[in-house]
Amino acid sequence: MNVKRTSPLHDQVATLNPRWGRVRGMRMAAALAGDETVARESVAVVDLSCLDKAGVKGPEAAPWLEGLGIVVPAQANAWTGLPGSGVIARLGRGEFFLEDGAAGDTAGRVRDALGAGIAGVYPVTRQDAGIALVGRRVNELLVQTCNVNFQELDSESRTVVMTMMAGVAVLVIRQDHQNLPGFRIWCDPTYAPYLWETLTGIAAELDGGPIGTGRLLSQAAKLE
Amino acid sequence: MSARLPLVAGEWIDRSKKFGFDFESERFQGFAGDTVSSALLAAGVRVLGRSFKYHRARSVLSMANHDVNAMFQDGARLNLRGDVEPLRDRMVLAAVNTFGGVRRDRARIFDKLSAVLPVGFYYKAFHTPKAWFPFWERMFRRVTGLGELDFSTPHIRTPKRYDFCDVLVVGAGPSGLCASLAAADAGAKVVLVDENARIGGSLTYQRGGSDDPAAQLRNLASGISAHPNISVRTGTLAAGCYADNWVALVDAERMTKIRARAIIVASGVCEQPAVFHNNDVPGVMLASAAQRLIYRYAVRPMQSAVVLTGNQDGYAAALDLIANGIRVEAVVDLRRTDGGSAEEARVTEAGIRTLRGHCIYEARASGSMVGAAVICPLLTGGEADASRSETVRCDGVLMSVGYAPAAALLHQAGAAMRFDVQVGQFVPASLPGGVFAAGRVNGVYALEDRQRDGSRAGLEAAKYLGFPASAAPVVVRAAVAPSHPYPIFDHPQAKNFVDFDEDLQLKDLANAVQEGFDNIELLKRYATIGMGPSQGKHSNMNAIRVLAKLLGTTPGEVGTTTSRPFFHPVPMSHLAGRGLVPYRLTPLHSRHERAGAVFMQAGIWLRPEFYMTRGKTRLEAVREEAAAVRTGVGIIDVGTLGKMEISGPDAATFLERIYTGRFANMKVGMTRYALMLDDAGVIIDDGVVARLGEQRFYFTTTTTGSANVYREMTRLNTMWGMEVGIVNVTGAYAAVNLAGPRARDPLAGVTNLDLSAEAFPYLGVREAEIAGVPARLLRAGFVGELGYEIHVPADRACALWDALMEAGGVHGIRPFGVEAQRLLRLEKGHIIIGQDTDGLTTPLEAAVDWAVKMDKPYFVGQRSLKIVQRKNPKAKLVGFTLDSATEGKVPRECHLVIRDGKIAGRVTSIAWSPAMEKYVGLAFVSPEIIANGGGFFIRMDGGQMVPARIAKTPFYDPAGDRQKLGA
């Protein structure tokens with residue numbers, strides 16, 4: 001059965017008069033009403049929760065992933081890319097978070113290979129909400145929500161920041177988009193409506209705001 | 001008469017922009033760049049406010065953000081400090097703390113009554129007769145308090161922000177400017193903050209009649225503005241320093257929390273007043289206040305002045321007066337000998353009369369203003385020789401007797417301070433890593449020395465951060481004390497104020513010490529010295545001196561009071577900032593909204609309390625939901641439960657150590673109740689453990705306990721080093737409980753799982769697909785009916801809910817909320833951790849000792865529980881019922897259990913049970929009640945006593961047949 005997935009931010013996005021698309025079984029906004037260009041030139045907030053995720057932890061996690069042909073970051077608090085614009089982040093000595101890009105399949109491959117777990121490698125169910133912040137004024141938004149100096153992360157940075165943002169535990173990496181500074185944020189999905197409300201509220205004060213997922217993921221532009 | 005001076009070089013006012021404003025129904029005019037006080041003084045208004053306690057006329061004291069007797073209300077904005085509040089066009093101002101305006105304040109009668117209002121009088125009076133206390137309280141609240149709060153004030157958005165820099169320099173005086181340049185030249189990113197509207201510090205006003213300081217400032221300022229590594233923030237107060245070099249910066253708009261890799265405190269000093277009779281009369285002010293008025297705001301502070309000094313700066317102030325056309329009648333020097341400074345020589349050359357070894361014994365008022373100074377020679381002990389007094393007419397008195405370091409940030413950063421007798425002030429004895437002091441706060445006074453000290457601090461900070469910087473020599477502190485050791489003179493008529501905020505006189509401190517409040521912390525609290533709006537910036541140092549003299553010791557021995565953030569008062573709006581209060585929603589929130597849920601807070605979660613039904617009350621809706629579960633099928637969102645996974649060879653052993661129960665012998669596919677204790681044997685959490693595989697468990701925690709449980713488990717496993725992987729999947733999984741005698745019916749329609757009792761018995765756990773969603777199903781019985789707790793990945797929760805609601809439609813499925821669940825579980829006698837237990841409850845008291853396996857080798861809390869077992873419990877949780885005939889008001893949770901007129905417990909849960917047709921509840925009761933038949937009373941809010949009786953739990957379905965339905 002092809003079960004519909006629901007973004008933890010679906011209800012928030014639904015109030016923005018979206019044109020709906022679908023990515024990996026999840027309904028996402030291909031575009032939102034309003035002038036999205038202006039939002040992006042300031043700071044845009046994007047729901048990317050549709051991307052497939054997986055997690056593994058355990059003392060044997062790193063060699064096991066390498067055995068699957070996945071290049072893992074050498075150190076904790078670092079990330080590298082996955083085929084298809086995905087991300088693998090090393091959260092600790094033996095803990096990894098994987099997220100595929102719209103076209104990748106690494107996360108699913110890892111889940112299938114791991115099943116219920118093997119010796120020294122344990123599955124971690126990842127249902128994180130994924131949010132992207134993009135735009136010239138992104139730092140002005142970040143300094144109102146988080147005490148980490150994200151300006152120290154340049155566009156080449158491969159650092160994973162685990163911190164609190166507006167009171168919520170988040171993972172953050174720098175990921176620019178079309179020469180605009182950008183960050184990816186992941187958090188527990190049950191906090192996502194609050195974090196979205198906070199981020200979009202501040203973005204609005206900076207003349208920015210939410211834009212459709214399709215602006216960052218062209219696949220989401222395929223309308224329902 | 002206007003007191004505005006002709007154009008003064010470097011003045012801060014813009015004479016091309018005129019602002020009109022009202023002060024207490026009179027119209028005035030000032031300039032952009034004026035402060036409220038400077039504009040009023042320029043307009044000839046010399047009494048600006050009334051004192052806090054005696055309502056004495058007051059005016060400018062410091063012009064440095066410490067003039068708490070010249071505070072104003074401007075509409076909804078209250079307690080604006082006139083000495084720094086920028087003048088705006090069309091302000092409508094009134095002095096605070098008056099009854100009828102500043103000129104005709106009716107409360108000035110308190111000045112006449114001061115003899116019967118000594119310090120602490122309110123501690124000693126008004127406590128009897130007790131019945132009068134509310135009257136006195138209302139009166140004092142009416143009389144005291146500054147400003148009037150306007151409750152219709154619109155919400156002001158003041159979002160906080162974070163910022164970062166290599167070096168934060170606090171204070172843009174000569175030392176701060178030089179420190180910034182030195183650090184920035186070495187490559188550091190510098191943020192330079194100053195609370196004033198412009199940079200320059202003392203260079204902007206302490207000129208000694210010379211143009212040199214202004215020229216130096218221009219030179220430094222051009223270097224600062226041209227430097228790419230320096231960011232200047234004026235009008236910004238460094239209000240507090242916290243761990244890891246976090247500093248709170250407060251400006252007009254917001255609070256910024258800046259993290260500096262290094263901090264240079266160049267915050268300077270606060271000039272201190274002398275203490276003599278009538279030292280508060282308008283026209284008596286600090287020398288630096290007069291200099292600020294002249295050079296920043298082009299205001300003539302007086303026509304003719306007497307300058308009281310104890311250092312060379314008083315002579316410099318006299319020169320500034322002369323340079324601006326103000327007559328100096330005399331310079332009264334507390335020192336007996338010539339200090340040898342150039343300023344003293346220039347004053348002598350100007351033909352100004354200098355009286356060395358003299359003091360001002362009193363200021364004589366002429367109307368509301370100072371009219372003369374009474375000058376006396378000093379005796380060898382430092383007292384005034386009143387028998388040889390001389391009266392000198394003047395309309396202004398300047399006080400330049402010394403300084404106190406503005407060292408609050410250094411204290412807060414963890415600096416150790418010591419009293420340096422040579423400098424006459426507290427100076428840093430040692431500084432924490434990354435914190436540096438420069439300039440006068442560091443005890444360095446000569447202008448050139450201050451600049452060198454600033455450069456030294458800047459280089460040291462840069463070097464500390466790893467920037468290439470050469471070492472700079474330490475600058476020697478002041479060789480001649482700029483502060484007089486005791487500029488305080490007793491007077492038979494008192495009114496010689498040590499603290500202008502609270503109208504504290506010299507005799508008040510002596511009385512307090514006599515009453516035994518003889519250390520600085522006690523003295524502060526009893527006499528309230530330093531507890532007013534200026535927080536002792538002009539009173540603490542003199543209080544230390546007074547106390548030292550009374551105790552026959554030194555200021556260093558007396559020490560300082562604790563310096564806590566904030567350095568100045570900070571608006572509440574700045575503290576509040578943006579409301580960043582996280583909340584959590586389950587993935588099914590929208591489904592609940594559509595079903596008409598009324599939400600309640602459960603920790604930080606929002607949960608449906610009940611679902612509103614048209615035409616029904618809350619109580620009726622709750623009881624209907626409960627009835628649906630008892631007779632048909634209900635569904636509740638239990639996704640807020642904590643959810644954890646633990647895997648690995650040691651998983652079962654780990655759970656045995658964490659929980660009180662036994663899990664190693666649990667079969668795969670079964671669940672078991674789990675109780676968690678802390679080391680003291682107190683219940684901290686409970687849940688259900690499900691064994692999914694030999695080395696794989698899934699378990700739940702309480703809604704509010706998940707984060708703590710996960711943290712504690714991780715901590716313990718770090719210590720124990722067991723081979724397990726623990727994962728907190730609370731947010732990753734959604735969960736619903738499908739409950740009721742017909743619960744199987746909708747479920748059977750959406751799964752191929754064999755739901756028969758044989759295949760899936762009570763307390764079993766299965767993994768299967770429900771409506772195409774991979775799910776974990778736990779046969780639970782929390783509400784006492786056949787129940788399936790279904791856990792699914794969060795992104796498919798809506799799909800599950802929709803499928804179950806659709807399949808259950810023909811079976812009358814109904815969502816139920818937290819209130820119905822509470823009622824249903826109470827009928828079963830199931831406890832809720834945190835409601836039916838508290839921070840001291842053990843399993844023995846909560847009657848869940850059946851879940852504790854004391855014969856295990858170890859579990860957390862076991863050792864303490866063995867000790868508790870040997871003692872008689874003081875209370876026990878029992879079920880109780882009220883008489884079924886009970887009507888009207890009924891007891892509520894937390895009402896007290898009473899036996900023989902004494903408190904003997906409390907109610908933890910109570911509700912009307914439709915199934916039992918009576919009120920049932922849980923309560924902690926004393927063992928005596930249990931031993932004596934189980935009867936007791938519950939005392940309600942109004943004192944009414946309701947009889948109750950212990951009853952066996954479960955109240956409903958005691959055999960548990962319904963939850964085991966078909967098991």
# chains A, B, ... in the order shown; residues from 1 in each chain; ligands from 1
$ interface_residues --of "chain A" --to "chain B" --cutoff "10 Å" --atoms "only C-alpha atoms" --output "PDB file with N, CA and C atoms, in the first residue's frame"
ATOM      1  N   MET A   1       0.844  -1.205   0.000  1.00  0.00           N
ATOM      2  CA  MET A   1       0.000   0.000   0.000  1.00  0.00           C
ATOM      3  C   MET A   1       0.876   1.251   0.000  1.00  0.00           C
ATOM      4  N   ASN A   2       0.562   2.184  -0.855  1.00  0.00           N
ATOM      5  CA  ASN A   2       1.357   3.409  -0.958  1.00  0.00           C
ATOM      6  C   ASN A   2       0.821   4.435   0.049  1.00  0.00           C
ATOM      7  N   VAL A   3       1.368   4.405   1.257  1.00  0.00           N
ATOM      8  CA  VAL A   3       0.834   5.245   2.333  1.00  0.00           C
ATOM      9  C   VAL A   3       1.384   6.655   2.219  1.00  0.00           C
ATOM     10  N   LYS A   4       0.501   7.627   2.391  1.00  0.00           N
ATOM     11  CA  LYS A   4       0.926   9.022   2.328  1.00  0.00           C
ATOM     12  C   LYS A   4       1.708   9.393   3.584  1.00  0.00           C
ATOM     13  N   ARG A   5       2.819  10.053   3.358  1.00  0.00           N
ATOM     14  CA  ARG A   5       3.578  10.597   4.477  1.00  0.00           C
ATOM     15  C   ARG A   5       3.153  12.046   4.670  1.00  0.00           C
ATOM     16  N   THR A   6       3.212  12.489   5.926  1.00  0.00           N
ATOM     17  CA  THR A   6       2.801  13.864   6.216  1.00  0.00           C
ATOM     18  C   THR A   6       3.952  14.600   6.869  1.00  0.00           C
ATOM     19  N   SER A   7       4.275  15.744   6.331  1.00  0.00           N
ATOM     20  CA  SER A   7       5.344  16.563   6.919  1.00  0.00           C
ATOM     21  C   SER A   7       4.886  17.086   8.279  1.00  0.00           C
ATOM     22  N   PRO A   8       5.798  17.168   9.238  1.00  0.00           N
ATOM     23  CA  PRO A   8       5.416  17.784  10.533  1.00  0.00           C
ATOM     24  C   PRO A   8       5.046  19.254  10.369  1.00  0.00           C
ATOM     25  N   LEU A   9       5.361  19.827   9.207  1.00  0.00           N
ATOM     26  CA  LEU A   9       5.041  21.239   8.971  1.00  0.00           C
ATOM     27  C   LEU A   9       3.896  21.401   7.986  1.00  0.00           C
ATOM     28  N   HIS A  10       3.223  20.307   7.690  1.00  0.00           N
ATOM     29  CA  HIS A  10       2.161  20.353   6.687  1.00  0.00           C
ATOM     30  C   HIS A  10       1.100  21.396   7.040  1.00  0.00           C
ATOM     31  N   ASP A  11       0.673  21.404   8.283  1.00  0.00           N
ATOM     32  CA  ASP A  11      -0.424  22.307   8.660  1.00  0.00           C
ATOM     33  C   ASP A  11       0.007  23.769   8.582  1.00  0.00           C
ATOM     34  N   MET A  26       5.467  12.338   0.233  1.00  0.00           N
ATOM     35  CA  MET A  26       5.078  13.394   1.167  1.00  0.00           C
ATOM     36  C   MET A  26       4.616  14.619   0.388  1.00  0.00           C
ATOM     37  N   SER A  49      11.284  18.503   4.971  1.00  0.00           N
ATOM     38  CA  SER A  49      11.100  17.288   5.774  1.00  0.00           C
ATOM     39  C   SER A  49      10.854  16.056   4.913  1.00  0.00           C
ATOM     40  N   CYS A  50      10.594  16.258   3.640  1.00  0.00           N
ATOM     41  CA  CYS A  50      10.259  15.127   2.775  1.00  0.00           C
ATOM     42  C   CYS A  50      11.452  14.221   2.491  1.00  0.00           C
ATOM     43  N   VAL A  56      22.190   5.461  12.248  1.00  0.00           N
ATOM     44  CA  VAL A  56      22.795   4.258  12.842  1.00  0.00           C
ATOM     45  C   VAL A  56      23.698   4.688  13.985  1.00  0.00           C
ATOM     46  N   LYS A  57      23.832   3.827  14.969  1.00  0.00           N
ATOM     47  CA  LYS A  57      24.786   4.094  16.041  1.00  0.00           C
ATOM     48  C   LYS A  57      25.352   2.781  16.545  1.00  0.00           C
ATOM     49  N   GLY A  58      26.444   2.887  17.222  1.00  0.00           N
ATOM     50  CA  GLY A  58      27.066   1.684  17.767  1.00  0.00           C
ATOM     51  C   GLY A  58      28.549   1.672  17.490  1.00  0.00           C
ATOM     52  N   PRO A  59      29.287   0.878  18.235  1.00  0.00           N
ATOM     53  CA  PRO A  59      30.750   0.885  18.084  1.00  0.00           C
ATOM     54  C   PRO A  59      31.221   0.433  16.702  1.00  0.00           C
ATOM     55  N   ALA A 116      16.772  -4.889  11.756  1.00  0.00           N
ATOM     56  CA  ALA A 116      16.576  -4.643  13.188  1.00  0.00           C
ATOM     57  C   ALA A 116      17.902  -4.472  13.905  1.00  0.00           C
ATOM     58  N   GLY A 117      19.002  -4.480  13.166  1.00  0.00           N
ATOM     59  CA  GLY A 117      20.296  -4.269  13.804  1.00  0.00           C
ATOM     60  C   GLY A 117      21.183  -5.481  13.700  1.00  0.00           C
ATOM     61  N   ILE A 118      22.483  -5.232  13.741  1.00  0.00           N
ATOM     62  CA  ILE A 118      23.456  -6.312  13.766  1.00  0.00           C
ATOM     63  C   ILE A 118      24.417  -6.018  14.906  1.00  0.00           C
ATOM     64  N   ALA A 119      25.314  -6.950  15.176  1.00  0.00           N
ATOM     65  CA  ALA A 119      26.211  -6.780  16.327  1.00  0.00           C
ATOM     66  C   ALA A 119      26.981  -5.468  16.228  1.00  0.00           C
ATOM     67  N   GLY A 120      26.809  -4.649  17.230  1.00  0.00           N
ATOM     68  CA  GLY A 120      27.576  -3.408  17.307  1.00  0.00           C
ATOM     69  C   GLY A 120      27.048  -2.290  16.431  1.00  0.00           C
ATOM     70  N   VAL A 121      25.951  -2.521  15.741  1.00  0.00           N
ATOM     71  CA  VAL A 121      25.350  -1.471  14.899  1.00  0.00           C
ATOM     72  C   VAL A 121      23.841  -1.471  15.135  1.00  0.00           C
ATOM     73  N   TYR A 122      23.316  -0.351  15.600  1.00  0.00           N
ATOM     74  CA  TYR A 122      21.901  -0.299  15.954  1.00  0.00           C
ATOM     75  C   TYR A 122      21.194   0.748  15.107  1.00  0.00           C
ATOM     76  N   PRO A 123      19.988   0.406  14.665  1.00  0.00           N
ATOM     77  CA  PRO A 123      19.258   1.394  13.851  1.00  0.00           C
ATOM     78  C   PRO A 123      18.707   2.527  14.705  1.00  0.00           C
ATOM     79  N   VAL A 124      18.678   3.702  14.128  1.00  0.00           N
ATOM     80  CA  VAL A 124      18.074   4.864  14.790  1.00  0.00           C
ATOM     81  C   VAL A 124      16.991   5.406  13.858  1.00  0.00           C
ATOM     82  N   THR A 125      15.774   5.335  14.302  1.00  0.00           N
ATOM     83  CA  THR A 125      14.683   5.858  13.478  1.00  0.00           C
ATOM     84  C   THR A 125      14.784   7.371  13.429  1.00  0.00           C
ATOM     85  N   ARG A 126      14.920   7.934  12.233  1.00  0.00           N
ATOM     86  CA  ARG A 126      15.035   9.397  12.084  1.00  0.00           C
ATOM     87  C   ARG A 126      13.786   9.911  11.385  1.00  0.00           C
ATOM     88  N   GLN A 127      13.071  10.736  12.072  1.00  0.00           N
ATOM     89  CA  GLN A 127      11.874  11.364  11.512  1.00  0.00           C
ATOM     90  C   GLN A 127      12.001  12.876  11.632  1.00  0.00           C
ATOM     91  N   ASP A 128      13.218  13.351  11.640  1.00  0.00           N
ATOM     92  CA  ASP A 128      13.447  14.775  11.877  1.00  0.00           C
ATOM     93  C   ASP A 128      12.699  15.668  10.891  1.00  0.00           C
ATOM     94  N   ALA A 129      12.257  16.790  11.403  1.00  0.00           N
ATOM     95  CA  ALA A 129      11.808  17.845  10.508  1.00  0.00           C
ATOM     96  C   ALA A 129      13.053  18.453   9.891  1.00  0.00           C
ATOM     97  N   GLU A 140      21.188  37.360  10.285  1.00  0.00           N
ATOM     98  CA  GLU A 140      20.390  38.211  11.181  1.00  0.00           C
ATOM     99  C   GLU A 140      19.296  37.404  11.865  1.00  0.00           C
ATOM    100  N   LEU A 141      18.799  36.411  11.167  1.00  0.00           N
ATOM    101  CA  LEU A 141      17.798  35.532  11.782  1.00  0.00           C
ATOM    102  C   LEU A 141      18.457  34.616  12.818  1.00  0.00           C
ATOM    103  N   LEU A 142      19.593  34.052  12.436  1.00  0.00           N
ATOM    104  CA  LEU A 142      20.245  33.088  13.323  1.00  0.00           C
ATOM    105  C   LEU A 142      20.665  33.731  14.645  1.00  0.00           C
ATOM    106  N   VAL A 143      21.156  34.969  14.596  1.00  0.00           N
ATOM    107  CA  VAL A 143      21.643  35.573  15.850  1.00  0.00           C
ATOM    108  C   VAL A 143      20.492  35.917  16.800  1.00  0.00           C
ATOM    109  N   GLN A 144      19.271  35.838  16.320  1.00  0.00           N
ATOM    110  CA  GLN A 144      18.139  36.073  17.220  1.00  0.00           C
ATOM    111  C   GLN A 144      17.618  34.782  17.837  1.00  0.00           C
ATOM    112  N   THR A 145      18.200  33.660  17.411  1.00  0.00           N
ATOM    113  CA  THR A 145      17.659  32.389  17.884  1.00  0.00           C
ATOM    114  C   THR A 145      18.682  31.460  18.491  1.00  0.00           C
ATOM    115  N   CYS A 146      19.952  31.745  18.291  1.00  0.00           N
ATOM    116  CA  CYS A 146      20.953  30.750  18.669  1.00  0.00           C
ATOM    117  C   CYS A 146      22.256  31.424  19.081  1.00  0.00           C
ATOM    118  N   ASN A 147      22.918  30.858  20.082  1.00  0.00           N
ATOM    119  CA  ASN A 147      24.130  31.485  20.586  1.00  0.00           C
ATOM    120  C   ASN A 147      25.409  30.932  19.945  1.00  0.00           C
ATOM    121  N   VAL A 148      25.258  30.266  18.823  1.00  0.00           N
ATOM    122  CA  VAL A 148      26.439  29.802  18.082  1.00  0.00           C
ATOM    123  C   VAL A 148      26.771  30.820  16.991  1.00  0.00           C
ATOM    124  N   ASN A 149      28.033  31.068  16.813  1.00  0.00           N
ATOM    125  CA  ASN A 149      28.469  32.023  15.798  1.00  0.00           C
ATOM    126  C   ASN A 149      28.545  31.330  14.444  1.00  0.00           C
ATOM    127  N   PHE A 150      27.431  31.331  13.731  1.00  0.00           N
ATOM    128  CA  PHE A 150      27.387  30.626  12.453  1.00  0.00           C
ATOM    129  C   PHE A 150      28.188  31.330  11.366  1.00  0.00           C
ATOM    130  N   GLN A 151      28.549  32.569  11.602  1.00  0.00           N
ATOM    131  CA  GLN A 151      29.363  33.269  10.605  1.00  0.00           C
ATOM    132  C   GLN A 151      30.750  32.637  10.487  1.00  0.00           C
ATOM    133  N   GLU A 152      31.101  31.858  11.506  1.00  0.00           N
ATOM    134  CA  GLU A 152      32.399  31.182  11.421  1.00  0.00           C
ATOM    135  C   GLU A 152      32.361  30.006  10.443  1.00  0.00           C
ATOM    136  N   MET A 165      18.345  25.939  19.355  1.00  0.00           N
ATOM    137  CA  MET A 165      17.889  27.085  18.569  1.00  0.00           C
ATOM    138  C   MET A 165      16.490  27.445  19.052  1.00  0.00           C
ATOM    139  N   ALA A 166      16.349  28.642  19.559  1.00  0.00           N
ATOM    140  CA  ALA A 166      15.070  29.086  20.126  1.00  0.00           C
ATOM    141  C   ALA A 166      14.552  28.097  21.167  1.00  0.00           C
ATOM    142  N   GLY A 167      15.477  27.440  21.850  1.00  0.00           N
ATOM    143  CA  GLY A 167      15.094  26.511  22.916  1.00  0.00           C
ATOM    144  C   GLY A 167      14.890  25.084  22.449  1.00  0.00           C
ATOM    145  N   VAL A 168      15.185  24.786  21.184  1.00  0.00           N
ATOM    146  CA  VAL A 168      14.966  23.447  20.635  1.00  0.00           C
ATOM    147  C   VAL A 168      16.309  22.852  20.209  1.00  0.00           C
ATOM    148  N   CYS A 187      15.380  19.017  13.363  1.00  0.00           N
ATOM    149  CA  CYS A 187      14.943  18.951  14.761  1.00  0.00           C
ATOM    150  C   CYS A 187      13.889  17.866  14.922  1.00  0.00           C
ATOM    151  N   ASP A 188      13.619  17.521  16.173  1.00  0.00           N
ATOM    152  CA  ASP A 188      12.552  16.576  16.501  1.00  0.00           C
ATOM    153  C   ASP A 188      11.250  17.101  15.874  1.00  0.00           C
ATOM    154  N   PRO A 189      10.513  16.245  15.169  1.00  0.00           N
ATOM    155  CA  PRO A 189       9.338  16.747  14.434  1.00  0.00           C
ATOM    156  C   PRO A 189       8.263  17.344  15.334  1.00  0.00           C
ATOM    157  N   THR A 190       8.222  16.923  16.591  1.00  0.00           N
ATOM    158  CA  THR A 190       7.167  17.467  17.459  1.00  0.00           C
ATOM    159  C   THR A 190       7.442  18.914  17.856  1.00  0.00           C
ATOM    160  N   TYR A 191       8.685  19.364  17.704  1.00  0.00           N
ATOM    161  CA  TYR A 191       9.014  20.773  17.946  1.00  0.00           C
ATOM    162  C   TYR A 191       8.907  21.611  16.676  1.00  0.00           C
ATOM    163  N   ALA A 192       8.744  20.942  15.534  1.00  0.00           N
ATOM    164  CA  ALA A 192       8.854  21.643  14.258  1.00  0.00           C
ATOM    165  C   ALA A 192       7.843  22.783  14.096  1.00  0.00           C
ATOM    166  N   PRO A 193       6.558  22.592  14.456  1.00  0.00           N
ATOM    167  CA  PRO A 193       5.622  23.719  14.291  1.00  0.00           C
ATOM    168  C   PRO A 193       6.065  24.959  15.075  1.00  0.00           C
ATOM    169  N   TYR A 194       6.544  24.738  16.299  1.00  0.00           N
ATOM    170  CA  TYR A 194       7.018  25.872  17.099  1.00  0.00           C
ATOM    171  C   TYR A 194       8.223  26.537  16.446  1.00  0.00           C
ATOM    172  N   LEU A 195       9.190  25.721  16.009  1.00  0.00           N
ATOM    173  CA  LEU A 195      10.406  26.297  15.428  1.00  0.00           C
ATOM    174  C   LEU A 195      10.085  27.025  14.119  1.00  0.00           C
ATOM    175  N   THR A 198       8.525  30.320  14.884  1.00  0.00           N
ATOM    176  CA  THR A 198       9.534  31.264  15.367  1.00  0.00           C
ATOM    177  C   THR A 198      10.397  31.783  14.226  1.00  0.00           C
ATOM    178  N   ILE A 202      10.423  35.692  12.650  1.00  0.00           N
ATOM    179  CA  ILE A 202      11.600  36.567  12.613  1.00  0.00           C
ATOM    180  C   ILE A 202      11.931  36.921  11.163  1.00  0.00           C
TER     181      ILE A 202
END
$ select_by_dssp --residues "stretch 921-960 of chain B" --states "helix (DSSP H, G or I)" --output "list in words"
Pro927, Glu928, Ile929, Ile930 and Ala931 of chain B
$ write_last_selection --atoms "N, CA and C atoms" --output "PDB file, in the first residue's frame"
ATOM      1  N   PRO B 927      -0.989   5.643  58.454  1.00  0.00           N
ATOM      2  CA  PRO B 927      -1.232   4.242  58.822  1.00  0.00           C
ATOM      3  C   PRO B 927      -2.333   4.112  59.867  1.00  0.00           C
ATOM      4  N   GLU B 928      -2.499   5.153  60.705  1.00  0.00           N
ATOM      5  CA  GLU B 928      -3.541   5.086  61.742  1.00  0.00           C
ATOM      6  C   GLU B 928      -4.921   4.984  61.124  1.00  0.00           C
ATOM      7  N   ILE B 929      -5.123   5.678  60.045  1.00  0.00           N
ATOM      8  CA  ILE B 929      -6.432   5.616  59.382  1.00  0.00           C
ATOM      9  C   ILE B 929      -6.679   4.205  58.871  1.00  0.00           C
ATOM     10  N   ILE B 930      -5.643   3.620  58.285  1.00  0.00           N
ATOM     11  CA  ILE B 930      -5.795   2.255  57.749  1.00  0.00           C
ATOM     12  C   ILE B 930      -6.073   1.279  58.884  1.00  0.00           C
ATOM     13  N   ALA B 931      -5.379   1.492  59.998  1.00  0.00           N
ATOM     14  CA  ALA B 931      -5.512   0.556  61.121  1.00  0.00           C
ATOM     15  C   ALA B 931      -6.830   0.713  61.880  1.00  0.00           C
TER      16      ALA B 931
END
$ atom_distance --atom1 "atom CA of B:Arg814" --atom2 "atom CA of B:Val633"
6.7 Å
$ closest_atom_pairs --of "stretch 146-176 of chain A" --to "stretch 82-87 of chain A" --cutoff "12 Å" --atoms "only C-alpha atoms" --output "tab-separated table"
residue	atom	partner	partner_atom	distance
A:Arg158	CA	A:Val87	CA	10.3
A:Thr159	CA	A:Val87	CA	11.8
A:Val160	CA	A:Val87	CA	10.8
A:Val172	CA	A:Val87	CA	11.7
A:Ile173	CA	A:Val87	CA	9.8
A:Arg174	CA	A:Val87	CA	11.4
A:Gln175	CA	A:Val87	CA	10.2
$ write_last_selection --atoms "C-alpha atoms" --output "short mmCIF file (atom, residue, chain, number, x, y, z; two decimals), in the first residue's frame"
data_model
loop_
_atom_site.label_atom_id
_atom_site.label_comp_id
_atom_site.auth_asym_id
_atom_site.auth_seq_id
_atom_site.Cartn_x
_atom_site.Cartn_y
_atom_site.Cartn_z
CA ARG A 158 31.79 20.70 6.78
CA THR A 159 31.05 21.22 10.44
CA VAL A 160 27.96 19.81 12.12
CA VAL A 172 22.79 22.58 11.77
CA ILE A 173 25.12 22.57 8.78
CA ARG A 174 26.06 25.26 6.30
CA GLN A 175 24.68 24.53 2.86
#
$ closest_residue --among "B:Ala298, B:Ser231, B:Tyr242, B:Asn752" --to "B:Phe566" --atoms "only C-alpha atoms"
B:Tyr242
$ atom_distance --atom1 "atom CA of B:Gln422" --atom2 "atom CA of B:Ala478"
7.4 Å
$ atom_distance --atom1 "atom CA of B:Val84" --atom2 "atom CA of B:Ala408"
20.0 Å
$ select_by_dssp --residues "stretch 16-219 of chain A" --states "strand (DSSP E)" --output "number ranges by chain"
A: 19-23, 26-31, 44-47, 53-57, 78-82, 86-92, 95-99, 122-124, 129-134, 161-165, 168-174, 182-187, 209-210
$ residues_around --residues "B:Met854" --least-positions-apart "4" --cutoff "10 Å" --atoms "only C-alpha atoms" --output "list in words"
Thr660, Gly661, Arg662, Asp849, Trp850, Tyr858, Phe859, Gln862, Arg863, Leu865 and Lys866 of chain B
